[in-house]
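Shown next, in structure tokens, is the structure this report addresses.
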Amino acid sequence: MQLILILPLIVALVAFFMPNKLVKEFSLAFSGSFFLLSLYVLFKYDPLNYYNFIYYNETFLVGTGGSLHIGLDSIGVMMFALTNFVIFYVNIMAWEKTYTRSFYGCVFLMQFALIGVFASLNAILFYFFWELALLPIYYIVYKWGNGKELNKTFVRFFIYTFVGSLFILAAFILFAVETKSGSFEITEMAKNSLTGKTQILYTIFLLIGFGVKIPIFPLHSWQPSTYRKAPAEGTVLLSGIMLKMGLFGLLRWLVPFQDDALPIIQKVVIILAIIGTVYGAIIALRRNDLKLIAAFSSLSHVGLITAGIFAYKFVGFQGVAFQMLVHGINIVGILYIFDIIERSTGTRYLSDLGGISSKSPLFSALTLIIIIGTIAVTPLTNGFPGEFLLLMSVFLYNPILGILAGSTIILGAAYLLRVYQRAFMGEVSEHVSNFKAVSAFDLTALGFIALLVLVLGIYPQFILDISANGSQYLTNLLELKNN
Amino acid sequence: MILAKILILSPIVGFLINLILGKKLGKASGILGTVAVLISFICAIFMYQKVVSDGAYEVPFFTWMHISTLHIGFSLWVDELSSWMMLIITGIGTLIHLYSIGYMSHDKGIGRFFAYLNLFIFSMLMLVLGGNFIMLFVGWEGVGLCSYLLIGFWFKNVEYGHAARKAFIMNRIGDLGLLMGLFLCIQNFGTINFNEINSIAAGDLALKASGQLGLYQPYIYTAITLCLFIGAMGKSAQIPLYTWLPDAMAGPTPVSALIHAATMVTAGIYLVVRNAALFELAPFTLNTILVIGMATSILGAMIGLFQNDIKKVLAYSTVSQLGLMFVALGVGAYTSAMFHLTTHAFFKALLFLGAGSVIHAMSGEQDILRMGGLRNKIKLTHLTFAIGTLAIIGAPFMSGFFSKDEILEKLYNHSPVVWGFALASAAITIIYMVRVYTLTFWGKFRGSQEQESHLHESPSSMTLPLIILAIFSIFGGLFNLPHILGGGLSQKMAYWLSNINSLKVLPPHTSHLSHSTEIMLMLIATAVVLVLGSFAFLKFKKQTNDQLVKPRFGFSLWGEKKFYVDELYHNLVVKPMESMSDFCFYYVEHYFIQPIVFGSTRLFYGVGQLLRTAQNGNIEYYLAYIAVAVVIILTSILFVF
Amino acid sequence: MNLIGFENYLWLASALFCIGLLGALVRRNVIILLMCIELMLNASNLLLVVFAKMFGQMNGHIFVFFSMLVAAAEVAVGLALIVLIYRKFKTIDSSFLDNLKG
């Protein structure tokens, strides 16, 4: 089963050298089968047995502390499935466009790196995959992006996230040096603990490193311009899965090592995260560019997830795990919809849109389902369980912060319904008048997301069962260390 | 058990079929939707009988979410209150579905319409049948969503879209309150099950009655109930969150009748009654409810006085009547509020459907200034609308008479001042309702000739519900006759409803009004109705065209402009929010967030600039660096070691 | 050998090295540069031999053979480079040869 982790790399190498004509079908077929495979892994996952599916431990690079120690735990296996889902949808979205083989190669390389990030149990290996993930996405957004000053935007994005990553490496080295163990194995690391200033430094370094990628307010400045200029597939990769790398990193490499739980840092991060939640939602209220709305909506949603992590509660971790998955699904749906709109009308500015409902009722119905699912806390859609648990954890941490965070359920409804109303309702606008019919292919793909929105909303326990083990592990660890 | 499943699933099946096959079914979708709700209604009757015979019972479906100690079951709780609500929802729901077949027959989106209506029935059933707060919340959000979809049903109209969004967002403000109340329950009681919360509250009520301190601090109850009441405020359109309801009239008229008059807007009252024991422990909240309910009741009635859109008047009337129900809740008259809720559901649905019939006859005209003299053209509609008007103004022995009288009586018992205010609100109600009725059906026709030529009575699928509702509007009072009139049959509904867990535990009301006072109050109310009603009827009947259309000034202009509350909200909330959004995007992002990223790029750029001067390509310099470095290293070695 | 004293050899080597270094720093002619480098190299060779003699070990002698060999090769390559540079740039003034700057 461990071969699953290597497969994307092989596919990527093949894709790099394939003829351009065939690569589209090849990629779709492989990403689709990866997705099915990951569904199988997800269904077969036994929550009671921690790393029961994929586990491999081999020492290599003796002396550097690196080893090939990989395993998918409960939250990891969900992220693994999400990665394959997102990659599958990137390939679906690319179907109607003309991308060369290097695009597909990069996408699969990205998949390899992402799975590596979610599976690494060795800090150096984690860092390796973390950096590896940055290269293909940089290439994708730079090569296929559009807009002015591409170079400037994406070099900024690259340097910014790269500097962030350096903090992560610094934190790991600090850990190894300070605990004198010299080991980067998570199992070894868990046996040691940092104290005092070193721990604060470790926490802050990781917060900066992961915070850039998530992004936590106010480290998000790379996000809006990058989202706006990146190709739709790049945006999907960035918000669908790359920001989960940051959240996942916090869960795996920061939370277990919070020995004194550092109440002040906890408070500061939660407050920043909630500021980001409200701030992103407020900005999204008035934006005209659909992709900017997606960017700030993302900022708003992940802010809440970050707050949920730092509430250090079982319900919070459950909410985090669920919402990470759901946000991945929903934001892919939203960006897919925006992409279809842009393809069909040639514009992605709200002021130019209107009346799509009259042109394509089925498309707008699916959009409505996905939008309703993305609006926080609408029961029987997948947006409910995660956000509900997150809000609950924040509320239990501090009621005032809970109310502030809760304001997103109002603001989220306001900005998303604004999008729906402006773009889909009303009279048909000039740009929409020659709306190209949405293909059955796109509708099927969107329909599947809409189905996921409903299924996960009606029966969330399936996912909650899987993540319960990981959440319980983190909760126990924190309780153990704080007593 | 199986009945409950059919009850819940039937509308959902109707929804799915209508949604998927709506286009192909055409008009058949209306019949399908109606049958789906009718099946639910039949189930509801049987379930009601089961409750009558066996008492309350729970229907578990499956475990929805299970997070550590918190167990959220997808389960129904069928007791007196929920089965009563269930009957109202499915009963009136069936009638309104039937009515919609005729009303929407010309609309292309009829399949979609019935799909949404069925989804609404499902959500509303979830709301009242849910055994815990989460299930209630499921229904609560579901009905909000359906309300959004149905208000914006004619999606090409931008204004309607705005109204729909406004309704959804204002409801969301309430939902936040409800959610916070729910979290507070979890935090303090560790449960969200109504029965468990009730037993906790019952324990504290008992302790309090014996003069001891409760297990929980009083402020906890106050906080929880205030949060819940904010939720109720949003859904039941109370000050300050009432402005969405009049705008919601943008939806098709059956929707206004079903959602924005008879069922959804009463969810707030249901919520309070369901948790009456909690509210009883928080006197501050009850007083707040009393004050807000009263203010809403009077404000709604006053605005209604000056509106010319037939549906707007009815909408403000709904706001006002809901306010009255909250007043009743505020003095602890829970069953009276439920009684008024029931009769109000009958006559307000009747009035809305009647208004729909009028609008249908008038080819879409809603302005009462352009109507008049319709009583001879659409006789059946006129008759039923008249019955509805008589019921809502509380004409003697109509259903509204009994329910209003009961509330007034309870208010008088609480404090004569409150009674006075409520009576004033009722008096204004009489004037504006008689105004609407008279201007629509009496006098001369004031519309265009084309409209006059099209005037026609509605088809029987529309008039049948009117007749049935009219019968209930007349005799609805029989459910809960006052002591002095009913004898053995009196107060049936009150006795029955007080069996539910939250009301059972309340301390009995000790003071009762004497019979003479009761009769006196009843006579005063009757006198007010007769005097004001006939006065208004005569006044408006005589009004000529010129008098009607002349521009208003002063207070009545304020009233016509709805006291500028919408404008106030726009300037106080919406505009600052929008400027905040732009401020954040153009200033905060630019001057505060961007420098952080530019800082990191500039840092590296600057360091690079500094270092490149050293790398000038000239070999001597490199040699010199080496030499200097060697000297530095050597000397440092000399001095250090 | 003992007549002269070891420290004199050290002074001589230092002097040679400093002359070479100074020459390399101040002269612009690449051939002179090369000669100066040779001078420095030979200064260090001298030191190696002297120390080897002083401590009675063979390592120093062997190093010197190595470095003489390397120096010979270096001169060959260096002079060839200089010829090429002269052909391309028509100058062997090192201050003009600064194309490789950052």
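Chain labels follow the order of the structure tokens: the first chain is A, the next B, and so on; residue numbering restarts at 1 in every chain, and ligands are counted from 1 in their shown order.
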inquiry  = With only C-alpha atoms as the counted atoms, please give the residues lying no more than 8 Å from Ile274 (chain A), apart from itself and same-chain residues fewer than 6 positions off, as JSON, numbers by chain.
reply    = {"A": [303, 304, 307, 401, 404, 405]}
query = Contacts of Met433 (chain B) at 12 Å or less, counting only C-alpha atoms, minus same-chain residues fewer than 6 places along, as a ChimeraX atom specification?
reply = /B:301-302,304-308,310-318,348,351,368,385-395,426-427,439-440,529,532-534,536-537,540
Same residues, N, CA and C atoms, output as a short mmCIF file (atom, residue, chain, number, x, y, z; two decimals), in the first residue's frame:
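The result, stored in selection30.cif:
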```
data_model
loop_
_atom_site.label_atom_id
_atom_site.label_comp_id
_atom_site.auth_asym_id
_atom_site.auth_seq_id
_atom_site.Cartn_x
_atom_site.Cartn_y
_atom_site.Cartn_z
N ALA B 301 -48.67 48.14 14.04
CA ALA B 301 -50.03 48.58 13.76
C ALA B 301 -50.03 49.99 13.20
N MET B 302 -49.18 50.85 13.76
CA MET B 302 -49.18 52.24 13.29
C MET B 302 -48.69 52.35 11.86
N GLY B 304 -48.92 50.01 9.69
CA GLY B 304 -49.97 49.39 8.88
C GLY B 304 -51.07 50.37 8.54
N LEU B 305 -51.27 51.31 9.43
CA LEU B 305 -52.32 52.30 9.24
C LEU B 305 -52.11 53.14 7.98
N PHE B 306 -50.86 53.32 7.58
CA PHE B 306 -50.59 54.27 6.51
C PHE B 306 -50.11 53.62 5.22
N GLN B 307 -50.16 52.29 5.16
CA GLN B 307 -49.67 51.65 3.95
C GLN B 307 -50.80 51.49 2.93
N ASN B 308 -50.43 51.49 1.66
CA ASN B 308 -51.44 51.35 0.62
C ASN B 308 -51.36 50.02 -0.13
N ILE B 310 -51.78 46.25 -0.30
CA ILE B 310 -52.64 45.35 0.48
C ILE B 310 -51.81 44.32 1.25
N LYS B 311 -50.74 43.82 0.60
CA LYS B 311 -49.92 42.82 1.27
C LYS B 311 -49.05 43.44 2.36
N LYS B 312 -48.61 44.67 2.12
CA LYS B 312 -47.80 45.34 3.15
C LYS B 312 -48.61 45.56 4.42
N VAL B 313 -49.87 45.97 4.25
CA VAL B 313 -50.71 46.18 5.43
C VAL B 313 -50.83 44.88 6.21
N LEU B 314 -51.09 43.81 5.48
CA LEU B 314 -51.23 42.52 6.16
C LEU B 314 -49.92 42.12 6.82
N ALA B 315 -48.79 42.44 6.17
CA ALA B 315 -47.49 42.08 6.74
C ALA B 315 -47.26 42.83 8.05
N TYR B 316 -47.54 44.14 8.05
CA TYR B 316 -47.37 44.89 9.29
C TYR B 316 -48.35 44.41 10.34
N SER B 317 -49.52 44.00 9.87
CA SER B 317 -50.48 43.44 10.81
C SER B 317 -49.90 42.17 11.45
N THR B 318 -49.24 41.35 10.64
CA THR B 318 -48.60 40.15 11.19
C THR B 318 -47.56 40.54 12.24
N LYS B 348 -55.09 34.90 9.45
CA LYS B 348 -54.11 35.63 8.65
C LYS B 348 -53.84 34.89 7.33
N LEU B 351 -56.70 35.87 5.25
CA LEU B 351 -56.60 37.22 4.71
C LEU B 351 -55.59 37.28 3.58
N ILE B 368 -54.23 49.32 -2.81
CA ILE B 368 -55.67 49.37 -2.50
C ILE B 368 -56.29 50.67 -3.01
N PHE B 385 -63.00 37.31 2.91
CA PHE B 385 -62.11 38.37 3.40
C PHE B 385 -62.79 39.13 4.54
N ALA B 386 -64.10 39.32 4.40
CA ALA B 386 -64.84 40.01 5.46
C ALA B 386 -64.78 39.20 6.75
N ILE B 387 -64.94 37.89 6.62
CA ILE B 387 -64.86 37.04 7.82
C ILE B 387 -63.48 37.16 8.46
N GLY B 388 -62.45 37.13 7.60
CA GLY B 388 -61.09 37.26 8.11
C GLY B 388 -60.91 38.57 8.84
N THR B 389 -61.43 39.66 8.25
CA THR B 389 -61.29 40.97 8.88
C THR B 389 -62.00 40.99 10.22
N LEU B 390 -63.20 40.44 10.23
CA LEU B 390 -63.95 40.42 11.50
C LEU B 390 -63.19 39.62 12.55
N ALA B 391 -62.55 38.53 12.10
CA ALA B 391 -61.82 37.70 13.05
C ALA B 391 -60.63 38.45 13.61
N ILE B 392 -59.89 39.10 12.74
CA ILE B 392 -58.66 39.73 13.24
C ILE B 392 -58.96 40.94 14.11
N ILE B 393 -60.04 41.66 13.83
CA ILE B 393 -60.31 42.82 14.70
C ILE B 393 -60.97 42.39 16.00
N GLY B 394 -61.33 41.13 16.08
CA GLY B 394 -61.89 40.63 17.34
C GLY B 394 -63.37 40.92 17.48
N ALA B 395 -64.10 40.82 16.38
CA ALA B 395 -65.55 41.00 16.45
C ALA B 395 -66.13 39.87 17.31
N ALA B 426 -54.77 46.95 19.69
CA ALA B 426 -55.92 46.27 19.08
C ALA B 426 -56.83 47.28 18.39
N ALA B 427 -56.96 48.46 19.00
CA ALA B 427 -57.82 49.48 18.41
C ALA B 427 -57.28 49.93 17.05
N LEU B 439 -61.67 49.90 1.59
CA LEU B 439 -61.12 50.47 0.37
C LEU B 439 -61.06 49.44 -0.75
N THR B 440 -60.91 48.17 -0.40
CA THR B 440 -60.82 47.16 -1.44
C THR B 440 -62.19 46.79 -1.98
N VAL B 529 -64.47 47.42 19.53
CA VAL B 529 -64.57 46.86 18.17
C VAL B 529 -65.77 47.45 17.44
N LEU B 532 -65.32 51.55 17.00
CA LEU B 532 -64.25 51.92 16.07
C LEU B 532 -64.47 51.30 14.70
N GLY B 533 -64.93 50.05 14.70
CA GLY B 533 -65.13 49.34 13.44
C GLY B 533 -66.15 50.07 12.58
N SER B 534 -67.31 50.38 13.18
CA SER B 534 -68.34 51.02 12.35
C SER B 534 -67.90 52.43 11.97
N ALA B 536 -64.83 53.50 11.43
CA ALA B 536 -63.84 53.41 10.35
C ALA B 536 -64.52 53.01 9.05
N PHE B 537 -65.46 52.07 9.17
CA PHE B 537 -66.14 51.61 7.96
C PHE B 537 -66.85 52.76 7.27
N PHE B 540 -64.16 55.38 5.80
CA PHE B 540 -63.41 55.03 4.59
C PHE B 540 -64.33 54.77 3.41
#
```
task = Tell me, in Å to one decimal, how far CA of Leu408 (chain B) is from CA of Val327 (chain B).
result = 9.8 Å
Considering only C-alpha atoms, tabulate each residue of chain A that lies at most 7 Å from chain B along with its nearest interatomic pair and the corresponding distance in Å to one decimal; arrange the rows by chain and ascending residue number and present them as CSV.
```
residue,atom,partner,partner_atom,distance
A:Arg156,CA,B:Thr601,CA,6.6
A:Ile159,CA,B:Thr601,CA,6.8
A:Tyr160,CA,B:Val597,CA,6.5
A:Pro218,CA,B:Ile593,CA,6.0
A:Ser221,CA,B:Gln594,CA,5.5
A:Trp222,CA,B:Val597,CA,6.9
A:Ile282,CA,B:Ser581,CA,5.2
A:Ile283,CA,B:Ser581,CA,4.5
A:Leu285,CA,B:Ser581,CA,6.6
A:Arg286,CA,B:Ser581,CA,6.3
A:Val315,CA,B:Ile67,CA,6.6
A:Gly355,CA,B:Lys156,CA,6.8
A:Thr378,CA,B:Glu141,CA,6.2
A:Pro379,CA,B:Val138,CA,5.0
A:Met392,CA,B:Phe183,CA,6.2
A:Leu396,CA,B:Gln187,CA,6.6
A:Gly406,CA,B:Leu176,CA,6.4
A:Ile409,CA,B:Arg172,CA,6.8
A:Ile410,CA,B:Arg172,CA,5.4
A:Ala413,CA,B:Ile169,CA,6.5
A:Ala414,CA,B:Ile169,CA,6.3
A:Leu417,CA,B:Arg165,CA,6.8
A:Gln421,CA,B:Gly161,CA,6.4
A:Met425,CA,B:Phe155,CA,5.1
A:Gly426,CA,B:Lys156,CA,3.9
A:Glu427,CA,B:Lys156,CA,5.2
A:Tyr459,CA,B:Trp64,CA,6.3
A:Pro460,CA,B:Met65,CA,6.7
A:Gln461,CA,B:Met65,CA,5.4
```
request  = Within 10 Å of Ser94 (chain C), counting only C-alpha atoms, which residues show up once you throw out same-chain ones fewer than 2 positions away? Write them as a VMD selection string, please.
outcome  = (chain B and resid 617 to 620) or (chain C and resid 27 to 31 33 91 to 92 96 to 98)
Resulting file, chosen residues, N, CA and C atoms, as an mmCIF file, in the first residue's frame:
```
data_model
loop_
_atom_site.group_PDB
_atom_site.id
_atom_site.type_symbol
_atom_site.label_atom_id
_atom_site.label_comp_id
_atom_site.auth_asym_id
_atom_site.auth_seq_id
_atom_site.Cartn_x
_atom_site.Cartn_y
_atom_site.Cartn_z
ATOM 1 N N GLY B 617 34.114 41.924 -9.517
ATOM 2 C CA GLY B 617 34.778 41.267 -10.642
ATOM 3 C C GLY B 617 36.253 41.585 -10.767
ATOM 4 N N ASN B 618 36.735 42.453 -9.946
ATOM 5 C CA ASN B 618 38.144 42.845 -10.046
ATOM 6 C C ASN B 618 38.986 41.962 -9.139
ATOM 7 N N ILE B 619 39.985 41.306 -9.743
ATOM 8 C CA ILE B 619 40.707 40.259 -9.026
ATOM 9 C C ILE B 619 41.484 40.790 -7.832
ATOM 10 N N GLU B 620 41.976 42.048 -7.966
ATOM 11 C CA GLU B 620 42.765 42.579 -6.840
ATOM 12 C C GLU B 620 41.923 42.705 -5.582
ATOM 13 N N ARG C 27 50.070 45.281 -8.402
ATOM 14 C CA ARG C 27 50.351 45.266 -9.831
ATOM 15 C C ARG C 27 49.115 44.876 -10.616
ATOM 16 N N ARG C 28 49.026 45.432 -11.844
ATOM 17 C CA ARG C 28 47.857 45.160 -12.652
ATOM 18 C C ARG C 28 48.149 44.108 -13.733
ATOM 19 N N ASN C 29 49.406 43.954 -14.036
ATOM 20 C CA ASN C 29 49.780 43.032 -15.108
ATOM 21 C C ASN C 29 49.576 41.590 -14.666
ATOM 22 N N VAL C 30 48.817 40.839 -15.457
ATOM 23 C CA VAL C 30 48.454 39.497 -15.038
ATOM 24 C C VAL C 30 49.670 38.579 -14.956
ATOM 25 N N ILE C 31 50.691 38.821 -15.831
ATOM 26 C CA ILE C 31 51.889 37.976 -15.784
ATOM 27 C C ILE C 31 52.621 38.211 -14.481
ATOM 28 N N LEU C 33 51.243 39.231 -11.829
ATOM 29 C CA LEU C 33 50.369 38.615 -10.833
ATOM 30 C C LEU C 33 50.717 37.146 -10.653
ATOM 31 N N THR C 91 44.483 43.004 -23.994
ATOM 32 C CA THR C 91 45.125 43.581 -22.824
ATOM 33 C C THR C 91 45.293 42.491 -21.787
ATOM 34 N N ILE C 92 46.297 42.703 -20.927
ATOM 35 C CA ILE C 92 46.395 41.776 -19.790
ATOM 36 C C ILE C 92 46.408 42.570 -18.491
ATOM 37 N N PHE C 96 40.893 45.763 -16.071
ATOM 38 C CA PHE C 96 39.880 45.757 -17.131
ATOM 39 C C PHE C 96 39.108 44.451 -17.183
ATOM 40 N N LEU C 97 39.658 43.468 -16.543
ATOM 41 C CA LEU C 97 39.028 42.144 -16.643
ATOM 42 C C LEU C 97 38.027 41.949 -15.495
ATOM 43 N N ASP C 98 36.928 42.731 -15.511
ATOM 44 C CA ASP C 98 35.997 42.620 -14.377
ATOM 45 C C ASP C 98 34.574 42.294 -14.864
#
```
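We find CA of Gly33 (chain B) and CA of Ile121 (chain B) to be spaced 10.3 Å apart.
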Neighbouring residues of Thr544 (chain B) were defined as those with any atom within 10 Å, considering only C-alpha atoms; residues of the same chain fewer than 6 positions away were excluded. Please report them as an mmCIF file with N, CA and C atoms, in the first residue's frame.
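And here's part08.cif as it stands now:
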```cif
data_model
loop_
_atom_site.group_PDB
_atom_site.id
_atom_site.type_symbol
_atom_site.label_atom_id
_atom_site.label_comp_id
_atom_site.auth_asym_id
_atom_site.auth_seq_id
_atom_site.Cartn_x
_atom_site.Cartn_y
_atom_site.Cartn_z
ATOM 1 N N GLY B 443 -67.132 51.212 -2.077
ATOM 2 C CA GLY B 443 -66.892 52.405 -2.877
ATOM 3 C C GLY B 443 -66.894 52.094 -4.360
ATOM 4 N N LYS B 444 -66.241 52.976 -5.097
ATOM 5 C CA LYS B 444 -66.227 52.804 -6.551
ATOM 6 C C LYS B 444 -64.926 52.158 -6.987
ATOM 7 N N ARG B 446 -61.535 51.983 -8.705
ATOM 8 C CA ARG B 446 -60.608 53.073 -9.007
ATOM 9 C C ARG B 446 -59.469 52.643 -9.930
#
```
